[in-house]
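Coordinates as given in coords15.cif (mmCIF, C-alpha atoms):
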```
data_data
#
loop_
_atom_site.group_PDB
_atom_site.id
_atom_site.type_symbol
_atom_site.label_atom_id
_atom_site.label_comp_id
_atom_site.auth_asym_id
_atom_site.auth_seq_id
_atom_site.Cartn_x
_atom_site.Cartn_y
_atom_site.Cartn_z
ATOM 1 C CA LYS A 1 0.000 0.000 0.000
ATOM 2 C CA ALA A 2 1.079 3.605 -0.503
ATOM 3 C CA GLY A 3 3.267 5.213 2.130
ATOM 4 C CA VAL A 4 2.938 8.553 3.841
ATOM 5 C CA THR A 5 2.716 11.388 1.336
ATOM 6 C CA GLN A 6 3.745 14.926 2.154
ATOM 7 C CA THR A 7 3.231 17.908 -0.106
ATOM 8 C CA PRO A 8 4.882 20.010 -1.197
ATOM 9 C CA ARG A 9 8.430 18.584 -1.016
ATOM 10 C CA TYR A 10 10.075 21.988 -1.116
ATOM 11 C CA LEU A 11 8.848 25.440 -0.218
ATOM 12 C CA ILE A 12 10.419 28.889 -0.071
ATOM 13 C CA LYS A 13 8.581 31.598 1.844
ATOM 14 C CA THR A 14 9.302 35.113 2.985
ATOM 15 C CA ARG A 15 9.479 36.161 6.623
ATOM 16 C CA GLY A 16 6.046 37.143 7.886
ATOM 17 C CA GLN A 17 4.120 34.949 5.470
ATOM 18 C CA GLN A 18 2.127 31.903 6.460
ATOM 19 C CA VAL A 19 2.392 28.379 5.095
ATOM 20 C CA THR A 20 0.284 25.217 5.024
ATOM 21 C CA LEU A 21 1.791 21.766 4.694
ATOM 22 C CA SER A 22 -0.159 18.617 3.909
ATOM 23 C CA CYS A 23 0.214 14.999 4.981
ATOM 24 C CA SER A 24 -1.724 11.980 3.737
ATOM 25 C CA PRO A 25 -1.176 9.011 6.045
ATOM 26 C CA ILE A 26 -1.027 5.355 5.137
ATOM 27 C CA SER A 27 -4.499 4.078 4.351
ATOM 28 C CA GLY A 28 -6.191 2.926 7.544
ATOM 29 C CA HIS A 29 -3.888 4.886 9.841
ATOM 30 C CA ARG A 30 -5.703 7.294 12.122
ATOM 31 C CA SER A 31 -2.826 8.860 14.015
ATOM 32 C CA VAL A 32 -0.737 11.593 12.403
ATOM 33 C CA SER A 33 2.172 13.293 14.137
ATOM 34 C CA TRP A 34 4.233 16.256 12.986
ATOM 35 C CA TYR A 35 7.902 16.911 13.691
ATOM 36 C CA GLN A 36 10.347 19.687 12.974
ATOM 37 C CA GLN A 37 13.901 18.654 12.171
ATOM 38 C CA THR A 38 16.824 21.064 12.204
ATOM 39 C CA PRO A 39 20.565 20.365 12.335
ATOM 40 C CA GLY A 40 20.907 21.974 15.734
ATOM 41 C CA GLN A 41 17.821 20.655 17.518
ATOM 42 C CA GLY A 42 17.241 17.288 15.881
ATOM 43 C CA LEU A 43 13.686 15.972 15.652
ATOM 44 C CA GLN A 44 11.267 17.984 17.743
ATOM 45 C CA PHE A 45 7.665 16.884 18.285
ATOM 46 C CA LEU A 46 5.034 19.416 17.208
ATOM 47 C CA PHE A 47 1.679 17.696 17.722
ATOM 48 C CA GLU A 48 -0.297 14.532 17.161
ATOM 49 C CA TYR A 49 -3.813 14.128 15.811
ATOM 50 C CA PHE A 50 -5.996 11.077 16.230
ATOM 51 C CA SER A 51 -9.500 10.847 14.801
ATOM 52 C CA GLU A 52 -9.579 14.594 14.066
ATOM 53 C CA THR A 53 -8.602 15.551 17.634
ATOM 54 C CA GLN A 54 -5.289 16.915 18.810
ATOM 55 C CA ARG A 55 -4.095 14.379 21.351
ATOM 56 C CA ASN A 56 -0.588 15.600 22.158
ATOM 57 C CA LYS A 57 1.232 18.875 21.708
ATOM 58 C CA GLY A 58 4.898 19.728 21.853
ATOM 59 C CA ASN A 59 6.526 22.881 23.115
ATOM 60 C CA PHE A 60 6.069 25.163 20.110
ATOM 61 C CA PRO A 61 4.513 28.646 19.940
ATOM 62 C CA GLY A 62 0.909 29.171 18.922
ATOM 63 C CA ARG A 63 2.036 30.163 15.419
ATOM 64 C CA PHE A 64 2.228 26.421 14.747
ATOM 65 C CA SER A 65 -1.154 24.791 14.393
ATOM 66 C CA GLY A 66 -2.662 21.788 12.742
ATOM 67 C CA ARG A 67 -5.805 19.911 11.994
ATOM 68 C CA GLN A 68 -6.946 16.529 10.814
ATOM 69 C CA PHE A 69 -9.805 15.750 8.471
ATOM 70 C CA SER A 70 -12.276 12.899 8.573
ATOM 71 C CA ASN A 71 -10.213 10.960 6.014
ATOM 72 C CA SER A 72 -7.209 11.229 8.397
ATOM 73 C CA ARG A 73 -5.331 13.626 6.137
ATOM 74 C CA SER A 74 -3.655 16.329 8.164
ATOM 75 C CA GLU A 75 -2.469 19.849 7.573
ATOM 76 C CA MET A 76 0.013 21.910 9.501
ATOM 77 C CA ASN A 77 -0.012 25.697 9.395
ATOM 78 C CA VAL A 78 2.699 28.118 10.425
ATOM 79 C CA SER A 79 1.774 31.793 10.588
ATOM 80 C CA THR A 80 4.044 34.838 10.676
ATOM 81 C CA LEU A 81 7.054 32.866 9.510
ATOM 82 C CA GLU A 82 10.438 33.524 11.065
ATOM 83 C CA LEU A 83 13.875 32.699 9.691
ATOM 84 C CA GLY A 84 14.258 30.084 12.445
ATOM 85 C CA ASP A 85 11.276 28.167 11.084
ATOM 86 C CA SER A 86 13.443 26.943 8.216
ATOM 87 C CA ALA A 87 13.541 23.190 8.677
ATOM 88 C CA LEU A 88 12.506 19.805 7.375
ATOM 89 C CA TYR A 89 8.940 19.156 8.523
ATOM 90 C CA LEU A 90 8.119 15.491 8.862
ATOM 91 C CA CYS A 91 4.812 13.769 9.217
ATOM 92 C CA ALA A 92 4.442 10.265 10.659
ATOM 93 C CA SER A 93 1.403 8.036 10.610
ATOM 94 C CA SER A 94 0.545 5.081 12.782
ATOM 95 C CA ALA A 95 -2.404 2.741 13.008
ATOM 96 C CA LEU A 96 -4.433 2.737 16.194
ATOM 97 C CA GLY A 97 -1.943 4.697 18.222
ATOM 98 C CA GLY A 98 -1.257 2.078 20.884
ATOM 99 C CA THR A 99 1.912 2.220 22.920
ATOM 100 C CA ASN A 100 3.683 -0.338 20.732
ATOM 101 C CA THR A 101 2.460 0.970 17.411
ATOM 102 C CA GLU A 102 5.109 1.794 14.865
ATOM 103 C CA ALA A 103 5.295 5.142 13.129
ATOM 104 C CA PHE A 104 6.040 5.531 9.438
ATOM 105 C CA PHE A 105 7.413 8.769 8.076
ATOM 106 C CA GLY A 106 6.853 10.696 4.889
ATOM 107 C CA GLN A 107 9.717 12.211 2.908
ATOM 108 C CA GLY A 108 9.160 15.577 4.529
ATOM 109 C CA THR A 109 8.652 19.142 3.367
ATOM 110 C CA ARG A 110 11.785 21.264 3.234
ATOM 111 C CA LEU A 111 10.737 24.803 4.219
ATOM 112 C CA THR A 112 13.119 27.679 3.669
ATOM 113 C CA VAL A 113 12.219 31.083 5.069
ATOM 114 C CA VAL A 114 14.087 34.013 3.541
ATOM 115 C CA THR B 1 16.946 18.595 27.636
ATOM 116 C CA GLN B 2 16.722 15.500 25.419
ATOM 117 C CA LEU B 3 14.945 12.522 26.901
ATOM 118 C CA LEU B 4 17.082 10.153 24.828
ATOM 119 C CA GLU B 5 20.798 10.674 24.377
ATOM 120 C CA GLN B 6 22.649 8.936 21.592
ATOM 121 C CA SER B 7 26.371 8.328 21.375
ATOM 122 C CA PRO B 8 28.494 8.864 19.544
ATOM 123 C CA GLN B 9 27.073 11.864 17.734
ATOM 124 C CA PHE B 10 29.356 11.357 14.733
ATOM 125 C CA LEU B 11 31.127 8.231 13.552
ATOM 126 C CA SER B 12 33.389 7.774 10.542
ATOM 127 C CA ILE B 13 34.739 4.287 9.916
ATOM 128 C CA GLN B 14 36.294 2.181 7.185
ATOM 129 C CA GLU B 15 34.279 -0.367 5.260
ATOM 130 C CA GLY B 16 34.392 -3.743 7.017
ATOM 131 C CA GLU B 17 34.700 -2.378 10.553
ATOM 132 C CA ASN B 18 32.197 -3.023 13.332
ATOM 133 C CA LEU B 19 30.450 -0.316 15.336
ATOM 134 C CA THR B 20 27.962 0.184 18.140
ATOM 135 C CA VAL B 21 25.589 3.094 18.652
ATOM 136 C CA TYR B 22 24.043 3.704 22.058
ATOM 137 C CA CYS B 23 20.702 5.219 23.012
ATOM 138 C CA ASN B 24 20.330 6.035 26.703
ATOM 139 C CA SER B 25 17.687 7.524 28.948
ATOM 140 C CA SER B 26 16.685 7.705 32.586
ATOM 141 C CA SER B 27 13.064 7.101 31.557
ATOM 142 C CA VAL B 28 11.273 3.839 30.863
ATOM 143 C CA PHE B 29 9.744 3.296 27.446
ATOM 144 C CA SER B 30 7.027 0.884 26.379
ATOM 145 C CA SER B 31 8.824 0.323 23.097
ATOM 146 C CA LEU B 32 11.780 1.665 21.220
ATOM 147 C CA GLN B 33 12.271 2.103 17.501
ATOM 148 C CA TRP B 34 15.410 2.578 15.440
ATOM 149 C CA TYR B 35 15.304 4.566 12.206
ATOM 150 C CA ARG B 36 17.820 5.397 9.489
ATOM 151 C CA GLN B 37 17.530 8.670 7.632
ATOM 152 C CA GLU B 38 19.299 9.779 4.470
ATOM 153 C CA PRO B 39 19.778 13.475 3.617
ATOM 154 C CA GLY B 40 16.571 15.182 2.510
ATOM 155 C CA GLU B 41 14.447 12.118 3.200
ATOM 156 C CA GLY B 42 12.236 10.996 6.049
ATOM 157 C CA PRO B 43 13.417 8.435 8.616
ATOM 158 C CA VAL B 44 12.875 4.807 7.620
ATOM 159 C CA LEU B 45 11.909 2.353 10.341
ATOM 160 C CA LEU B 46 14.480 -0.407 10.893
ATOM 161 C CA VAL B 47 13.156 -2.247 13.932
ATOM 162 C CA THR B 48 10.918 -2.063 16.992
ATOM 163 C CA VAL B 49 11.896 -3.638 20.313
ATOM 164 C CA VAL B 50 9.311 -4.086 23.018
ATOM 165 C CA THR B 51 10.468 -6.499 25.717
ATOM 166 C CA GLY B 52 13.257 -5.715 28.176
ATOM 167 C CA GLY B 53 16.379 -7.652 27.157
ATOM 168 C CA GLU B 54 15.030 -8.286 23.667
ATOM 169 C CA VAL B 55 17.559 -8.776 20.868
ATOM 170 C CA LYS B 56 16.605 -8.486 17.203
ATOM 171 C CA LYS B 57 18.798 -9.092 14.186
ATOM 172 C CA LEU B 58 18.365 -7.581 10.761
ATOM 173 C CA LYS B 59 21.110 -9.011 8.521
ATOM 174 C CA ARG B 60 24.310 -7.315 9.796
ATOM 175 C CA LEU B 61 22.427 -5.134 12.300
ATOM 176 C CA THR B 62 21.785 -6.275 15.867
ATOM 177 C CA PHE B 63 19.439 -4.304 18.115
ATOM 178 C CA GLN B 64 19.130 -4.763 21.862
ATOM 179 C CA PHE B 65 16.647 -3.287 24.339
ATOM 180 C CA GLY B 66 17.952 -2.892 27.860
ATOM 181 C CA ASP B 67 16.527 -5.061 30.628
ATOM 182 C CA ALA B 68 14.971 -2.018 32.296
ATOM 183 C CA ARG B 69 13.659 -0.672 28.959
ATOM 184 C CA LYS B 70 15.576 2.585 29.427
ATOM 185 C CA ASP B 71 18.313 2.092 26.850
ATOM 186 C CA SER B 72 19.119 0.385 23.590
ATOM 187 C CA SER B 73 22.044 -0.339 21.327
ATOM 188 C CA LEU B 74 22.553 -0.892 17.631
ATOM 189 C CA HIS B 75 25.543 -2.959 16.519
ATOM 190 C CA ILE B 76 26.590 -3.119 12.870
ATOM 191 C CA THR B 77 28.952 -5.856 11.751
ATOM 192 C CA ALA B 78 31.220 -5.368 8.734
ATOM 193 C CA ALA B 79 29.866 -1.931 7.872
ATOM 194 C CA GLN B 80 29.300 -1.083 4.225
ATOM 195 C CA PRO B 81 29.040 2.306 2.464
ATOM 196 C CA GLY B 82 25.290 1.692 2.087
ATOM 197 C CA ASP B 83 24.992 1.850 5.895
ATOM 198 C CA THR B 84 25.883 5.557 5.783
ATOM 199 C CA GLY B 85 23.149 7.744 7.240
ATOM 200 C CA LEU B 86 21.672 9.292 10.355
ATOM 201 C CA TYR B 87 20.563 6.687 12.893
ATOM 202 C CA LEU B 88 17.800 7.736 15.241
ATOM 203 C CA CYS B 89 16.324 5.960 18.214
ATOM 204 C CA ALA B 90 12.813 6.832 19.337
ATOM 205 C CA GLY B 91 11.134 5.765 22.532
ATOM 206 C CA ARG B 92 7.402 5.581 22.961
ATOM 207 C CA ARG B 93 5.724 6.322 26.257
ATOM 208 C CA ALA B 94 2.102 6.519 27.338
ATOM 209 C CA GLY B 95 -0.009 8.777 25.138
ATOM 210 C CA ASN B 96 1.511 7.621 21.865
ATOM 211 C CA GLN B 97 4.161 10.329 21.827
ATOM 212 C CA PHE B 98 7.565 9.490 20.420
ATOM 213 C CA TYR B 99 10.709 10.927 21.950
ATOM 214 C CA PHE B 100 13.585 10.999 19.507
ATOM 215 C CA GLY B 101 17.239 10.647 20.308
ATOM 216 C CA THR B 102 19.836 13.182 19.317
ATOM 217 C CA GLY B 103 20.954 11.059 16.357
ATOM 218 C CA THR B 104 24.199 9.405 15.264
ATOM 219 C CA SER B 105 25.609 10.387 11.902
ATOM 220 C CA LEU B 106 27.478 7.412 10.432
ATOM 221 C CA THR B 107 29.837 7.604 7.471
ATOM 222 C CA VAL B 108 31.321 4.396 6.087
ATOM 223 C CA ILE B 109 34.331 5.046 3.893
ATOM 224 C CA PRO B 110 34.902 2.606 1.011
#
```

Step by step, read the file and then write its structure as structure tokens.
Amino acid sequence: KAGVTQTPRYLIKTRGQQVTLSCSPISGHRSVSWYQQTPGQGLQFLFEYFSETQRNKGNFPGRFSGRQFSNSRSEMNVSTLELGDSALYLCASSALGGTNTEAFFGQGTRLTVV
Amino acid sequence: TQLLEQSPQFLSIQEGENLTVYCNSSSVFSSLQWYRQEPGEGPVLLVTVVTGGEVKKLKRLTFQFGDARKDSSLHITAAQPGDTGLYLCAGRRAGNQFYFGTGTSLTVIP
């Protein structure tokens, strides 16, 4: 079956703009998590959605938000972009979200803020 | 503060050598995953370990979960250039949240 699909793959935005990233999970997976990856900070957890509800949230400012649709597809929005938001944004999907459930990652969206 | 610390952070070895990467924490995890990531791509799941003391082998890779489920190791035998990449451990706790390690960047020189 198809893997996790993230769009777009690459994005260049100007400081102050807003951006929306999309993630389509593996068919049948209901949990979608978002991560920010930078060389200095590694993989940082943003939030997790399960059945259209945000279930967990990391330590990021309110400029970072997300949502999940009834078909489990998820979007992540970043408003008022800052240079420090430049990063690889990764989405991971998992099935029922149990404690031993594995997460599968998409290829990521490379966001560059100039 | 990272919940999971990996060591070493960087490793450069010759083809054919053996190596071990460590993933340590003071917290207990219900399961632990190891991923390998290549530049510009998402992490790819290698293995999941669940039981304390569990050992799993994947060809030349051997993964071990500590008895107390707080740490893990990845051992690669006879490393090859194709093993080059960023190795990440990720521990899962209650609430389905993953905590990622700091990563080990491995370069295998032909």

### Task
Skip Gly42 of chain A itself and residues of its chain fewer than 4 positions away, then list as a PyMOL selection string all residues within 9 Å of it, counting all atoms listed in the file.
(chain A and resi 36-38) or (chain B and resi 100-103)

Min atom-atom distance to chain B from the set A:Gly84, A:Pro39, A:Pro8, A:Gly62, counting all atoms listed in the file, belongs to A:Pro39

- request: Within 8 Å of chain B, which residues of chain A are there when counting only C-alpha atoms? Please give them as a PyMOL selection string.
  value: chain A and resi 41-45+48+55-56+88+90+97-100+102-108+110

query = So which one's closest to Ile76 of chain B, B:Glu38, B:Ser105, B:Cys89, B:Lys57? Using all atoms listed in the file, please.
reply =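 Looking at the shortest contact to Ile76 of chain B, the residue is B:Lys57.
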
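Between atom CA of Phe63 of chain B and atom CA of Val4 of chain A the interatomic distance comes to 25.3 Å.
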
Discussion item. Can you spell out as a ChimeraX atom specification the set of residues that the PyMOL selection byres ((chain A and resi 111) around 12) selects in the structure I just provided?
Written reply: /A:7-15,18-21,36-38,77-78,81-90,108-110,112-114 /B:40

### Message
When the PyMOL selection byres ((chain B and resi 13-26) around 12) is applied to the structure above, which residues does it catch, written out as a ChimeraX atom specification?
### Response
/B:1-12,27-29,32-34,60-66,68-84,86-91,99-110

Go ahead and write the selection's residues with C-alpha atoms as a PDB file, keeping the file's coordinate frame.
```pdb
ATOM      1  CA  THR B   1      16.946  18.595  27.636  1.00  0.00           C
ATOM      2  CA  GLN B   2      16.722  15.500  25.419  1.00  0.00           C
ATOM      3  CA  LEU B   3      14.945  12.522  26.901  1.00  0.00           C
ATOM      4  CA  LEU B   4      17.082  10.153  24.828  1.00  0.00           C
ATOM      5  CA  GLU B   5      20.798  10.674  24.377  1.00  0.00           C
ATOM      6  CA  GLN B   6      22.649   8.936  21.592  1.00  0.00           C
ATOM      7  CA  SER B   7      26.371   8.328  21.375  1.00  0.00           C
ATOM      8  CA  PRO B   8      28.494   8.864  19.544  1.00  0.00           C
ATOM      9  CA  GLN B   9      27.073  11.864  17.734  1.00  0.00           C
ATOM     10  CA  PHE B  10      29.356  11.357  14.733  1.00  0.00           C
ATOM     11  CA  LEU B  11      31.127   8.231  13.552  1.00  0.00           C
ATOM     12  CA  SER B  12      33.389   7.774  10.542  1.00  0.00           C
ATOM     13  CA  SER B  27      13.064   7.101  31.557  1.00  0.00           C
ATOM     14  CA  VAL B  28      11.273   3.839  30.863  1.00  0.00           C
ATOM     15  CA  PHE B  29       9.744   3.296  27.446  1.00  0.00           C
ATOM     16  CA  LEU B  32      11.780   1.665  21.220  1.00  0.00           C
ATOM     17  CA  GLN B  33      12.271   2.103  17.501  1.00  0.00           C
ATOM     18  CA  TRP B  34      15.410   2.578  15.440  1.00  0.00           C
ATOM     19  CA  ARG B  60      24.310  -7.315   9.796  1.00  0.00           C
ATOM     20  CA  LEU B  61      22.427  -5.134  12.300  1.00  0.00           C
ATOM     21  CA  THR B  62      21.785  -6.275  15.867  1.00  0.00           C
ATOM     22  CA  PHE B  63      19.439  -4.304  18.115  1.00  0.00           C
ATOM     23  CA  GLN B  64      19.130  -4.763  21.862  1.00  0.00           C
ATOM     24  CA  PHE B  65      16.647  -3.287  24.339  1.00  0.00           C
ATOM     25  CA  GLY B  66      17.952  -2.892  27.860  1.00  0.00           C
ATOM     26  CA  ALA B  68      14.971  -2.018  32.296  1.00  0.00           C
ATOM     27  CA  ARG B  69      13.659  -0.672  28.959  1.00  0.00           C
ATOM     28  CA  LYS B  70      15.576   2.585  29.427  1.00  0.00           C
ATOM     29  CA  ASP B  71      18.313   2.092  26.850  1.00  0.00           C
ATOM     30  CA  SER B  72      19.119   0.385  23.590  1.00  0.00           C
ATOM     31  CA  SER B  73      22.044  -0.339  21.327  1.00  0.00           C
ATOM     32  CA  LEU B  74      22.553  -0.892  17.631  1.00  0.00           C
ATOM     33  CA  HIS B  75      25.543  -2.959  16.519  1.00  0.00           C
ATOM     34  CA  ILE B  76      26.590  -3.119  12.870  1.00  0.00           C
ATOM     35  CA  THR B  77      28.952  -5.856  11.751  1.00  0.00           C
ATOM     36  CA  ALA B  78      31.220  -5.368   8.734  1.00  0.00           C
ATOM     37  CA  ALA B  79      29.866  -1.931   7.872  1.00  0.00           C
ATOM     38  CA  GLN B  80      29.300  -1.083   4.225  1.00  0.00           C
ATOM     39  CA  PRO B  81      29.040   2.306   2.464  1.00  0.00           C
ATOM     40  CA  GLY B  82      25.290   1.692   2.087  1.00  0.00           C
ATOM     41  CA  ASP B  83      24.992   1.850   5.895  1.00  0.00           C
ATOM     42  CA  THR B  84      25.883   5.557   5.783  1.00  0.00           C
ATOM     43  CA  LEU B  86      21.672   9.292  10.355  1.00  0.00           C
ATOM     44  CA  TYR B  87      20.563   6.687  12.893  1.00  0.00           C
ATOM     45  CA  LEU B  88      17.800   7.736  15.241  1.00  0.00           C
ATOM     46  CA  CYS B  89      16.324   5.960  18.214  1.00  0.00           C
ATOM     47  CA  ALA B  90      12.813   6.832  19.337  1.00  0.00           C
ATOM     48  CA  GLY B  91      11.134   5.765  22.532  1.00  0.00           C
ATOM     49  CA  TYR B  99      10.709  10.927  21.950  1.00  0.00           C
ATOM     50  CA  PHE B 100      13.585  10.999  19.507  1.00  0.00           C
ATOM     51  CA  GLY B 101      17.239  10.647  20.308  1.00  0.00           C
ATOM     52  CA  THR B 102      19.836  13.182  19.317  1.00  0.00           C
ATOM     53  CA  GLY B 103      20.954  11.059  16.357  1.00  0.00           C
ATOM     54  CA  THR B 104      24.199   9.405  15.264  1.00  0.00           C
ATOM     55  CA  SER B 105      25.609  10.387  11.902  1.00  0.00           C
ATOM     56  CA  LEU B 106      27.478   7.412  10.432  1.00  0.00           C
ATOM     57  CA  THR B 107      29.837   7.604   7.471  1.00  0.00           C
ATOM     58  CA  VAL B 108      31.321   4.396   6.087  1.00  0.00           C
ATOM     59  CA  ILE B 109      34.331   5.046   3.893  1.00  0.00           C
ATOM     60  CA  PRO B 110      34.902   2.606   1.011  1.00  0.00           C
TER      61      PRO B 110
END
```

- [ ] To one decimal in Å, tell me the separation between atom CA of Leu46 of chain A and atom CA of Trp34 of chain A.
- [x]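 Between atom CA of Leu46 of chain A and atom CA of Trp34 of chain A the gap is 5.3 Å.
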
For Gln68 of chain A, please output as a compact mmCIF listing (two decimals) with C-alpha atoms, keeping the file's coordinate frame all residues within 7 Å (counting only C-alpha atoms; exclusion window: fewer than 6 positions along the same chain).
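To be explicit, this is the file written out as out.txt:
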```
# COMPACT_ATOMS: atom_id res chain seq x y z
CA TYR A 49 -3.81 14.13 15.81
CA GLU A 52 -9.58 14.59 14.07
CA SER A 74 -3.66 16.33 8.16
CA GLU A 75 -2.47 19.85 7.57
```

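With atom CA of Gly28 of chain A on one side and atom CA of Arg67 of chain A on the other, the separation reads 17.6 Å.
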
From the list A:Cys91, A:Gln6, A:Thr101, A:Ser72, the nearest residue to Arg30 of chain A using all atoms listed in the file is A:Ser72

Practice problem: Identify, on the basis of all atoms listed in the file, every residue whose closest approach to Thr5 of chain A does not exceed 7 Å; exclude the query and any residue fewer than 5 positions from it along the same chain; express the result as a PyMOL selection string. | Solution: chain A and resi 23-25+106
